[in-house]
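Colleague: Have a look at this one.
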There are 2 protein chains.
Amino acid sequence: MEDQISRGLEGVAVAETRLSYIDGAAGELVIGGFPVEELAPNATYEESVFLLLYDRLPDAEELAPNATYEESVFLLLHDRLPDADELDAFRADLAARRGVGDKVRHVLRQAAEEDKPAMDALRMGVAAANLGHDDGGDADPEAHARRAIAVLPTIVATYWRYRQGKDPVEPREDLRHAANYLYMLTGEEPGDAAVRGLETYLNSVVDHGLNASTFSARVVVSTESDLVSAATAAVGTLKGPLHGGAPGPALEMLREVHESGDPEGYVREKLDAGERLMGFGHRVYRTRDPRAGVLEAAAERFYGADGDTDFFGTVRSFEDIAVNLLAEHKPGRTLETNVEFYTAVLLDGVDIPKELFTTTFAISRVGGWMAHALEQREDNRLIRPVSRYVGDTGRSWTPAEER
Amino acid sequence: MEDQISRGLEGVAVAETRLSYIDGAAGELVIGGFPVEELAPNATYEESVFLLLYDRLPDAEELAPNATYEESVFLLLHDRLPDADELDAFRADLAARRGVGDKVRHVLRQAAEEDKPAMDALRMGVAAANLGHDDGGDADPEAHARRAIAVLPTIVATYWRYRQGKDPVEPREDLRHAANYLYMLTGEEPGDAAVRGLETYLNSVVDHGLNASTFSARVVVSTESDLVSAATAAVGTLKGPLHGGAPGPALEMLREVHESGDPEGYVREKLDAGERLMGFGHRVYRTRDPRAGVLEAAAERFYGADGDTDFFGTVRSFEDIAVNLLAEHKPGRTLETNVEFYTAVLLDGVDIPKELFTTTFAISRVGGWMAHALEQREDNRLIRPVSRYVGDTGRSWTPAEER
C-alpha cells in the first residue's frame, strides 16, 4: 500500500454511511434514502435534518405544519414531540443556544469592520460556539450538534448586519430555520416564495458523501475530539475555492453575461482566451449534477413568482450554449452544469448577498457534518494515513558557529 | 478500491513529504533529515522550524546565539538576516503579530471564567488569529504561518492567566520563543534549565508524519483554504484524547504511583483490574518511541539540575516495571513507553500546568502543521475520499399528514 500514493484519496473508502450516496457516472444523488429530486423540493430543512439523524421522516404529529421551530428541533433531536412542560423548558434552552453572546458579537463586529471574509467570521463564531452554553460540554455530543445547527445562521447574520453598518437582528423564535435566517439578515419577514426557495437549497446541499469538509469533521472526531471542533474544522475546509467557494464568482459571471446581451459571444470569447467558465464540471459527477436540476426547478418557481424573469431567461440560454460549446472545445472532458451554477441563481433570487453564498452553504451542510460526526463516533477508528518521506536521513548536528 | 474500506487509512499514503519520517518497526524518527535524538537536545525551537521550512539549518550568522527573537523568526521565514531597517520594520510587525487584541482577549477571559478546556480556548483564539492583522490575508500564506506560530503561546498564556484570576502578561520581545512562553505564564523570567527542557520538548514533537492533526491541516488547505483555518482545524483535531490528550492523565498516574511508594504493587493492581496504564503503546511504533528517549535524557538533565530527584527516581523504576509487566500480561501486544510518558515528566518539571500539556503540544506542532500546509500548497490536490453507502435508496415522498 505504501508504495502507491493516493494524493487525493480518490476512490479510497474511509467510512460506511447511511447518510448520502453519490453515483457520479449516472448523475444520481440519494440523501437519506431519497433521490435529491424527491427530497429537496418537498421537505423542510428540519425534515431533512431529522432524516439524517434518525433515518426516517417525522410523521404528521411529529412535524405538524404549525409546529414552532422549537418543536421541530426537539423532534429532530428526540424523535418525538415535547409535552407542554418540556416545550417550555426546551424553548428557553434553544433560545439560549441560538443567541451569540456579547463577546463573540464583538469579535464578529471586528471581523466585519476589518472586511474579513464571511467564512473567516463564521470560523471565529463557530469556534466559540460553546461559550455561554453549559451544555454538558464534550460529554454531550448531541448538545454540541444542536448548538452548531442552531447558531450558524445567527453568526452569519450578525456579521452581515455589522458589515452593513447596522445592528444585529435578534433571532425570532416563531419563525422556522430558513425564514428566521432571512429575517435576521434584513429585519423583515420574508415572503413564502423566498422561504421555499431557500429551504429547497438547504435541503439539496445538506449532505454529499465524504466531501472534504465532511471528511475533515470525521477526522477531527476520530481522535475523540468534540463536535464544535469538528464543525469549526469543516467551516475552514469549506472555505477553500475548490470546495465551497465558487457560487459567488458564478453569479458575477452570469451578471456579466446578462449585461452583455450575447451569451454565445461571451462563451466563445472566454473559451478562446483559455479562461474557465464558472459552474461547470465536478470531481465526482460525469453528468449534470442532479442538484442542478432540483435547484433549476426551484429557481424557475421562484423567478416565476417573484423574480427577474429576464435574467432567468438569460441564465437558461447561457447554460445550453455553454454546455454545448464546452463539449466542442474540450472533447475529452465532461463539463456539465454543477451545483454552483443554479445555487448562484437561486440564492441571488432570494436576496442572499453573494458574499454570503459560501456561509449559506455552511448553514445547510452543518446538518450533514454533525450527522456524520455522530455516525463516526458510533463506530470510531482514529483516521491516520501515512506519508512517503522524500528528504534526507542521518544528518548530524554541528553547532551554529561551525556551519 | 471501493470494495475495501480503510476506516483508519492505515498504510494509505496521501502525500510525499521531506519533513519527517517514521519507522515504526525500528523505532526511528527523522525530522528534517536528523534523527530526533540528534536534533532535539541541540536545536533551538527556531532552528527546528527553520529546518522544516527551508530543509537546512541556519548558519552561524543566520542564527547567532545573541540573535533577538525577531531576527530568528525573520531567518526562519526569509532565509537570511534582516538589515537594520528591515529589523525595525519586522520588529514592529512581529510585535503586532504576537499580541492578541482586546476582543479576542475578552473571549479567552470568558472561556477561562466558564472553565472551558484550554484546547477550546486555543481553538477560539487561533480561529480569530487574523483579526487585527492586515497581513495580505489569504493571499499571503507565509504571513498566516508566521502569525500562527507567533501567537499560539500568547493565546494559551492569556487564557491561563485569566484562569488563575490574574491579568495577562504581555509578551517580551527580548526573549526567545520557549523562554517567552514560560515568562508569559508566570510573569517571571525562567531559568536556563527550564528553558532548555521546554525547548527540547518543542523540538521533539514539532513534526511527526501524517498524524491526524497534521492530516486535517492538509485536508483544509487541499481545498485552497487558508493557513489560519488549517491551524484551527488542527487544534480541534489534536484536542481528542486519542491524539493529544493523554499526557495530563499520565502525570496524574505518575503522581499516584509516587505517593503509593510501591510502583510494582500499583502496576499489578491496575493490570489485574483490567485498567489501562497511561504512557505506553502507540499506533505506529512497535518499539519504545524514540522521542521517549530524547525526553527522558532531557528530563534527567533537568531534574538533576533543578528538580525533584525523588519523583524522577520513581518514574524510572515505574517505567521498567510497567514495561515488563505489560509484556507479561499482554504477550501479543507491544506496549512500550510512548512520547506522553516523559512529556508528562518533563513538562511538569519545567512547571507547565498539566491543564496546558495538550496546548503546549500544539505550541510546538504548529510549526509542523504550517510547514505541511505550505508543502501541500506547493503541489496540491483536493483530498476527497469516498464512503460506502449502507442506507436505502429510492424512497418516495409523502406529505407529513399522510405518514
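Every chain in the C-alpha cells takes a letter, A first, then B, and so on in the order presented; its residues are numbered from 1, and the ligands are numbered from 1 following the presented order.
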When you look at region 290-300 of chain B with a cut-off of 8 Å (counting only C-alpha atoms), what residues show up, excluding the ones that are within fewer than 4 positions of it in the same chain? I need them as a list in words.

Modeller: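 Listing them by chain and then by number gives Gly27, Glu28, Leu29, Val36, Glu37, Ala40, Pro41, Gly197, Thr200, Tyr201, Ser204, Val205, Gly304, Phe312, Thr337, Asn338, Val339, Glu340, Phe341, Tyr342, Thr343, Val345, Leu346 and Gly349 of chain B.
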
Colleague: Find the residues near Leu254 (chain A): any atom within 8 Å, counting only C-alpha atoms, skip ones fewer than 4 places away on the same chain, and give them as a VMD selection string.

Modeller: chain A and resid 250 258 315

Colleague: Excluding region 123-134 of chain B and residues on its chain fewer than 5 positions from it, collect all residues at most 7 Å away from it, counting only C-alpha atoms, and give them as a short mmCIF file (atom, residue, chain, number, x, y, z; two decimals) with N, CA and C atoms, in the first residue's frame.

Modeller:
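part-v6.cif written:
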```
data_model
loop_
_atom_site.label_atom_id
_atom_site.label_comp_id
_atom_site.auth_asym_id
_atom_site.auth_seq_id
_atom_site.Cartn_x
_atom_site.Cartn_y
_atom_site.Cartn_z
N ALA A 111 -14.41 41.56 12.92
CA ALA A 111 -14.19 40.89 11.63
C ALA A 111 -14.87 41.67 10.50
N ARG A 123 -15.91 31.04 10.99
CA ARG A 123 -14.96 30.18 11.69
C ARG A 123 -14.75 30.67 13.13
N MET A 124 -14.61 31.99 13.28
CA MET A 124 -14.41 32.55 14.63
C MET A 124 -15.64 32.30 15.51
N ALA A 127 -16.06 28.52 16.32
CA ALA A 127 -15.00 28.09 17.26
C ALA A 127 -15.39 28.42 18.70
N ALA A 128 -16.18 29.48 18.87
CA ALA A 128 -16.57 29.91 20.21
C ALA A 128 -18.01 29.49 20.53
N ARG B 97 2.04 40.93 15.53
CA ARG B 97 1.58 39.56 15.28
C ARG B 97 1.47 38.73 16.55
N GLY B 101 -5.65 40.97 20.43
CA GLY B 101 -6.44 42.17 20.66
C GLY B 101 -7.40 42.01 21.84
N VAL B 104 -10.47 39.52 21.30
CA VAL B 104 -10.13 38.11 21.44
C VAL B 104 -9.78 37.81 22.90
N ALA B 148 0.46 32.39 13.04
CA ALA B 148 0.01 31.26 13.85
C ALA B 148 1.12 30.79 14.79
N ILE B 155 -1.89 33.16 23.21
CA ILE B 155 -3.28 32.77 23.45
C ILE B 155 -3.35 31.85 24.67
N VAL B 228 -4.69 29.86 8.49
CA VAL B 228 -5.30 30.04 9.81
C VAL B 228 -6.42 29.01 9.99
N SER B 229 -7.19 28.79 8.94
CA SER B 229 -8.22 27.75 9.01
C SER B 229 -7.59 26.38 9.23
N THR B 232 -6.51 26.11 12.86
CA THR B 232 -7.69 25.96 13.72
C THR B 232 -8.21 24.52 13.69
N VAL B 235 -5.86 22.26 15.64
CA VAL B 235 -6.05 22.37 17.10
C VAL B 235 -7.23 21.52 17.53
N GLY B 236 -8.34 21.63 16.79
CA GLY B 236 -9.53 20.85 17.14
C GLY B 236 -9.28 19.35 17.06
#
```

Colleague: Using only C-alpha atoms, which protein or nucleic acid residues come within 9 Å of Phe357 (chain A)? Drop anything in the same chain fewer than 2 positions from it, and give the result as a PyMOL selection string.

Modeller: chain A and resi 244-248+343-344+347-348+352-355+359-362

Colleague: Grab the residues selected above and save them as a PDB file, in the first residue's frame with C-alpha atoms.

Modeller:
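Produced file result_5.pdb, reproduced below:
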```
ATOM      1  CA  GLY A 244     -17.319  25.870  -1.277  1.00  0.00           C
ATOM      2  CA  GLY A 245     -16.017  28.978  -2.902  1.00  0.00           C
ATOM      3  CA  ALA A 246     -17.354  29.151  -6.438  1.00  0.00           C
ATOM      4  CA  PRO A 247     -21.025  30.253  -6.404  1.00  0.00           C
ATOM      5  CA  GLY A 248     -20.059  33.918  -5.855  1.00  0.00           C
ATOM      6  CA  THR A 343     -27.050  27.889  -6.425  1.00  0.00           C
ATOM      7  CA  ALA A 344     -25.882  31.292  -7.582  1.00  0.00           C
ATOM      8  CA  LEU A 347     -29.609  32.367  -3.727  1.00  0.00           C
ATOM      9  CA  ASP A 348     -29.347  35.644  -5.601  1.00  0.00           C
ATOM     10  CA  ILE A 352     -28.799  36.263  -0.161  1.00  0.00           C
ATOM     11  CA  PRO A 353     -25.822  38.580  -0.813  1.00  0.00           C
ATOM     12  CA  LYS A 354     -23.146  36.858  -2.857  1.00  0.00           C
ATOM     13  CA  GLU A 355     -20.604  37.456  -0.078  1.00  0.00           C
ATOM     14  CA  THR A 359     -21.609  30.722   4.539  1.00  0.00           C
ATOM     15  CA  THR A 360     -25.158  29.837   3.472  1.00  0.00           C
ATOM     16  CA  PHE A 361     -23.759  26.582   2.098  1.00  0.00           C
ATOM     17  CA  ALA A 362     -22.277  26.018   5.566  1.00  0.00           C
TER      18      ALA A 362
END
```

Colleague: Can you pull out every residue within 10 Å of region 163-171 of chain B, counting only C-alpha atoms, but drop anything in the same chain fewer than 5 positions away, and send it as JSON, numbers by chain?

Modeller: {"B": [95, 98, 99, 100, 105, 108, 109, 110, 111, 112, 113, 114, 115, 116, 118, 151, 153, 154, 155, 157, 158, 177, 180, 181, 183, 184, 185, 186, 187, 188]}

Colleague: If we count only C-alpha atoms, what is near Ser317 (chain A) at a cut-off of 10 Å, once residues fewer than 4 positions away on the same chain are taken out, given as a PyMOL selection string?

Modeller: chain A and resi 263-264+312-313+321-322

Colleague: Expressed in Å to a single decimal, how great is the separation between CA of Ala194 (chain A) and CA of Pro117 (chain A)?

Modeller: 24.8 Å

Colleague: Which parts of region 157-329 of chain A does DSSP call alpha helix (DSSP H) when run on the backbone here, written out as an mmCIF file with C-alpha atoms, in the first residue's frame?

Modeller:
```cif
data_model
loop_
_atom_site.group_PDB
_atom_site.id
_atom_site.type_symbol
_atom_site.label_atom_id
_atom_site.label_comp_id
_atom_site.auth_asym_id
_atom_site.auth_seq_id
_atom_site.Cartn_x
_atom_site.Cartn_y
_atom_site.Cartn_z
ATOM 1 C CA ALA A 157 -26.454 37.304 10.023
ATOM 2 C CA THR A 158 -24.763 39.128 12.923
ATOM 3 C CA TYR A 159 -21.568 39.521 10.915
ATOM 4 C CA TRP A 160 -23.523 40.655 7.881
ATOM 5 C CA ARG A 161 -25.518 43.275 9.780
ATOM 6 C CA TYR A 162 -22.280 44.755 11.145
ATOM 7 C CA ARG A 163 -20.800 44.686 7.690
ATOM 8 C CA HIS A 177 -34.987 27.852 10.362
ATOM 9 C CA ALA A 178 -34.911 29.158 6.774
ATOM 10 C CA ALA A 179 -37.341 32.024 7.387
ATOM 11 C CA ASN A 180 -35.541 33.136 10.537
ATOM 12 C CA TYR A 181 -32.209 33.292 8.699
ATOM 13 C CA LEU A 182 -33.662 35.570 6.024
ATOM 14 C CA TYR A 183 -35.349 37.636 8.747
ATOM 15 C CA MET A 184 -32.107 38.137 10.676
ATOM 16 C CA LEU A 185 -30.368 39.349 7.516
ATOM 17 C CA THR A 186 -32.900 42.086 6.745
ATOM 18 C CA ASP A 192 -43.233 32.490 1.110
ATOM 19 C CA ALA A 193 -41.550 32.125 -2.288
ATOM 20 C CA ALA A 194 -38.181 33.180 -0.887
ATOM 21 C CA VAL A 195 -38.502 30.865 2.117
ATOM 22 C CA ARG A 196 -39.434 27.913 -0.115
ATOM 23 C CA GLY A 197 -36.556 28.687 -2.483
ATOM 24 C CA LEU A 198 -34.005 28.883 0.321
ATOM 25 C CA GLU A 199 -35.415 25.792 2.005
ATOM 26 C CA THR A 200 -35.027 23.767 -1.203
ATOM 27 C CA TYR A 201 -31.426 24.931 -1.433
ATOM 28 C CA LEU A 202 -30.722 23.994 2.194
ATOM 29 C CA ASN A 203 -32.169 20.528 1.609
ATOM 30 C CA SER A 204 -30.289 19.979 -1.644
ATOM 31 C CA ALA A 212 -13.602 17.413 2.014
ATOM 32 C CA SER A 213 -15.371 19.371 4.779
ATOM 33 C CA THR A 214 -17.403 16.379 5.966
ATOM 34 C CA PHE A 215 -14.253 14.283 5.846
ATOM 35 C CA SER A 216 -12.361 16.823 7.947
ATOM 36 C CA ALA A 217 -15.204 16.772 10.510
ATOM 37 C CA ARG A 218 -14.829 12.988 10.698
ATOM 38 C CA VAL A 219 -11.021 13.222 11.016
ATOM 39 C CA VAL A 220 -11.483 15.600 13.970
ATOM 40 C CA VAL A 221 -13.915 13.378 15.884
ATOM 41 C CA LEU A 227 -18.399 18.277 17.676
ATOM 42 C CA VAL A 228 -17.818 22.020 17.949
ATOM 43 C CA SER A 229 -14.191 21.414 16.946
ATOM 44 C CA ALA A 230 -15.461 19.268 14.074
ATOM 45 C CA ALA A 231 -17.838 21.982 12.861
ATOM 46 C CA THR A 232 -15.059 24.586 13.096
ATOM 47 C CA ALA A 233 -12.660 22.452 11.052
ATOM 48 C CA ALA A 234 -15.377 21.812 8.487
ATOM 49 C CA VAL A 235 -16.063 25.543 8.100
ATOM 50 C CA GLY A 236 -12.355 26.130 7.462
ATOM 51 C CA THR A 237 -12.297 23.355 4.887
ATOM 52 C CA LEU A 238 -15.440 24.509 3.101
ATOM 53 C CA PRO A 247 -21.025 30.253 -6.404
ATOM 54 C CA GLY A 248 -20.059 33.918 -5.855
ATOM 55 C CA PRO A 249 -17.862 34.061 -8.968
ATOM 56 C CA ALA A 250 -20.543 32.105 -10.863
ATOM 57 C CA LEU A 251 -23.062 34.844 -10.081
ATOM 58 C CA GLU A 252 -20.655 37.564 -11.198
ATOM 59 C CA MET A 253 -20.191 35.716 -14.473
ATOM 60 C CA LEU A 254 -23.950 35.364 -15.006
ATOM 61 C CA ARG A 255 -24.455 39.080 -14.360
ATOM 62 C CA GLU A 256 -21.774 39.863 -16.950
ATOM 63 C CA VAL A 257 -23.410 37.535 -19.437
ATOM 64 C CA HIS A 258 -26.789 39.152 -18.850
ATOM 65 C CA GLU A 259 -25.381 42.653 -19.295
ATOM 66 C CA SER A 260 -23.523 41.626 -22.450
ATOM 67 C CA PRO A 263 -24.363 34.700 -24.159
ATOM 68 C CA GLU A 264 -22.830 32.890 -27.119
ATOM 69 C CA GLY A 265 -20.313 35.658 -27.841
ATOM 70 C CA TYR A 266 -19.405 35.716 -24.138
ATOM 71 C CA VAL A 267 -18.770 31.972 -24.001
ATOM 72 C CA ARG A 268 -16.720 31.921 -27.204
ATOM 73 C CA GLU A 269 -14.603 34.833 -26.038
ATOM 74 C CA LYS A 270 -13.854 33.184 -22.680
ATOM 75 C CA LEU A 271 -13.047 29.814 -24.218
ATOM 76 C CA ASP A 272 -10.858 31.326 -26.917
ATOM 77 C CA PRO A 290 -28.560 16.106 -10.012
ATOM 78 C CA ARG A 291 -28.769 19.041 -7.612
ATOM 79 C CA ALA A 292 -28.551 21.419 -10.561
ATOM 80 C CA GLY A 293 -31.907 20.105 -11.801
ATOM 81 C CA VAL A 294 -33.502 20.463 -8.392
ATOM 82 C CA LEU A 295 -32.217 23.998 -7.966
ATOM 83 C CA GLU A 296 -33.135 24.895 -11.544
ATOM 84 C CA ALA A 297 -36.756 23.866 -10.865
ATOM 85 C CA ALA A 298 -36.740 25.786 -7.577
ATOM 86 C CA ALA A 299 -35.293 28.833 -9.303
ATOM 87 C CA GLU A 300 -37.880 28.584 -12.058
ATOM 88 C CA ARG A 301 -40.639 28.511 -9.437
ATOM 89 C CA PHE A 302 -39.135 31.389 -7.544
ATOM 90 C CA TYR A 303 -38.394 33.621 -10.515
ATOM 91 C CA GLY A 304 -41.852 32.880 -11.910
ATOM 92 C CA ALA A 305 -43.459 34.041 -8.660
ATOM 93 C CA ASP A 306 -41.204 36.817 -7.502
ATOM 94 C CA THR A 309 -37.634 36.628 -15.389
ATOM 95 C CA ASP A 310 -35.398 38.359 -17.911
ATOM 96 C CA PHE A 311 -32.286 37.406 -16.006
ATOM 97 C CA PHE A 312 -33.543 33.862 -15.538
ATOM 98 C CA GLY A 313 -34.105 33.580 -19.283
ATOM 99 C CA THR A 314 -30.513 34.599 -19.938
ATOM 100 C CA VAL A 315 -29.307 32.028 -17.412
ATOM 101 C CA ARG A 316 -31.104 29.187 -19.167
ATOM 102 C CA SER A 317 -29.958 30.003 -22.648
ATOM 103 C CA PHE A 318 -26.425 30.568 -21.363
ATOM 104 C CA GLU A 319 -26.409 27.114 -19.761
ATOM 105 C CA ASP A 320 -27.359 25.390 -23.040
ATOM 106 C CA ILE A 321 -24.821 27.357 -25.038
ATOM 107 C CA ALA A 322 -22.042 26.828 -22.510
ATOM 108 C CA VAL A 323 -22.540 23.061 -22.195
ATOM 109 C CA ASN A 324 -22.530 22.651 -25.978
ATOM 110 C CA LEU A 325 -19.504 24.833 -26.595
ATOM 111 C CA LEU A 326 -17.592 23.236 -23.713
ATOM 112 C CA ALA A 327 -18.189 19.811 -25.255
ATOM 113 C CA GLU A 328 -16.861 21.182 -28.561
ATOM 114 C CA HIS A 329 -13.808 22.908 -27.046
#
```

Colleague: Between CA of Val30 (chain B) and CA of Arg288 (chain B), what is the spacing in Å?

Modeller: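 Result for CA of Arg288 (chain B) versus CA of Val30 (chain B): 14.9 Å, one decimal.
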
Colleague: Could you check the closest approach to Glu10 (chain A) for each of A:Arg283, A:Arg146, A:Arg365, A:Arg172 and tell me which residue wins, using only C-alpha atoms?

Modeller: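 Checking each of A:Arg283, A:Arg146, A:Arg365, A:Arg172 against Glu10 (chain A), counting only C-alpha atoms, the winner is A:Arg283.
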
Colleague: What is the distance, in Å and to one decimal place, between CA of Ile363 (chain A) and CA of Leu152 (chain A)?

Modeller: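 Between these atoms lies a distance of 5.7 Å.
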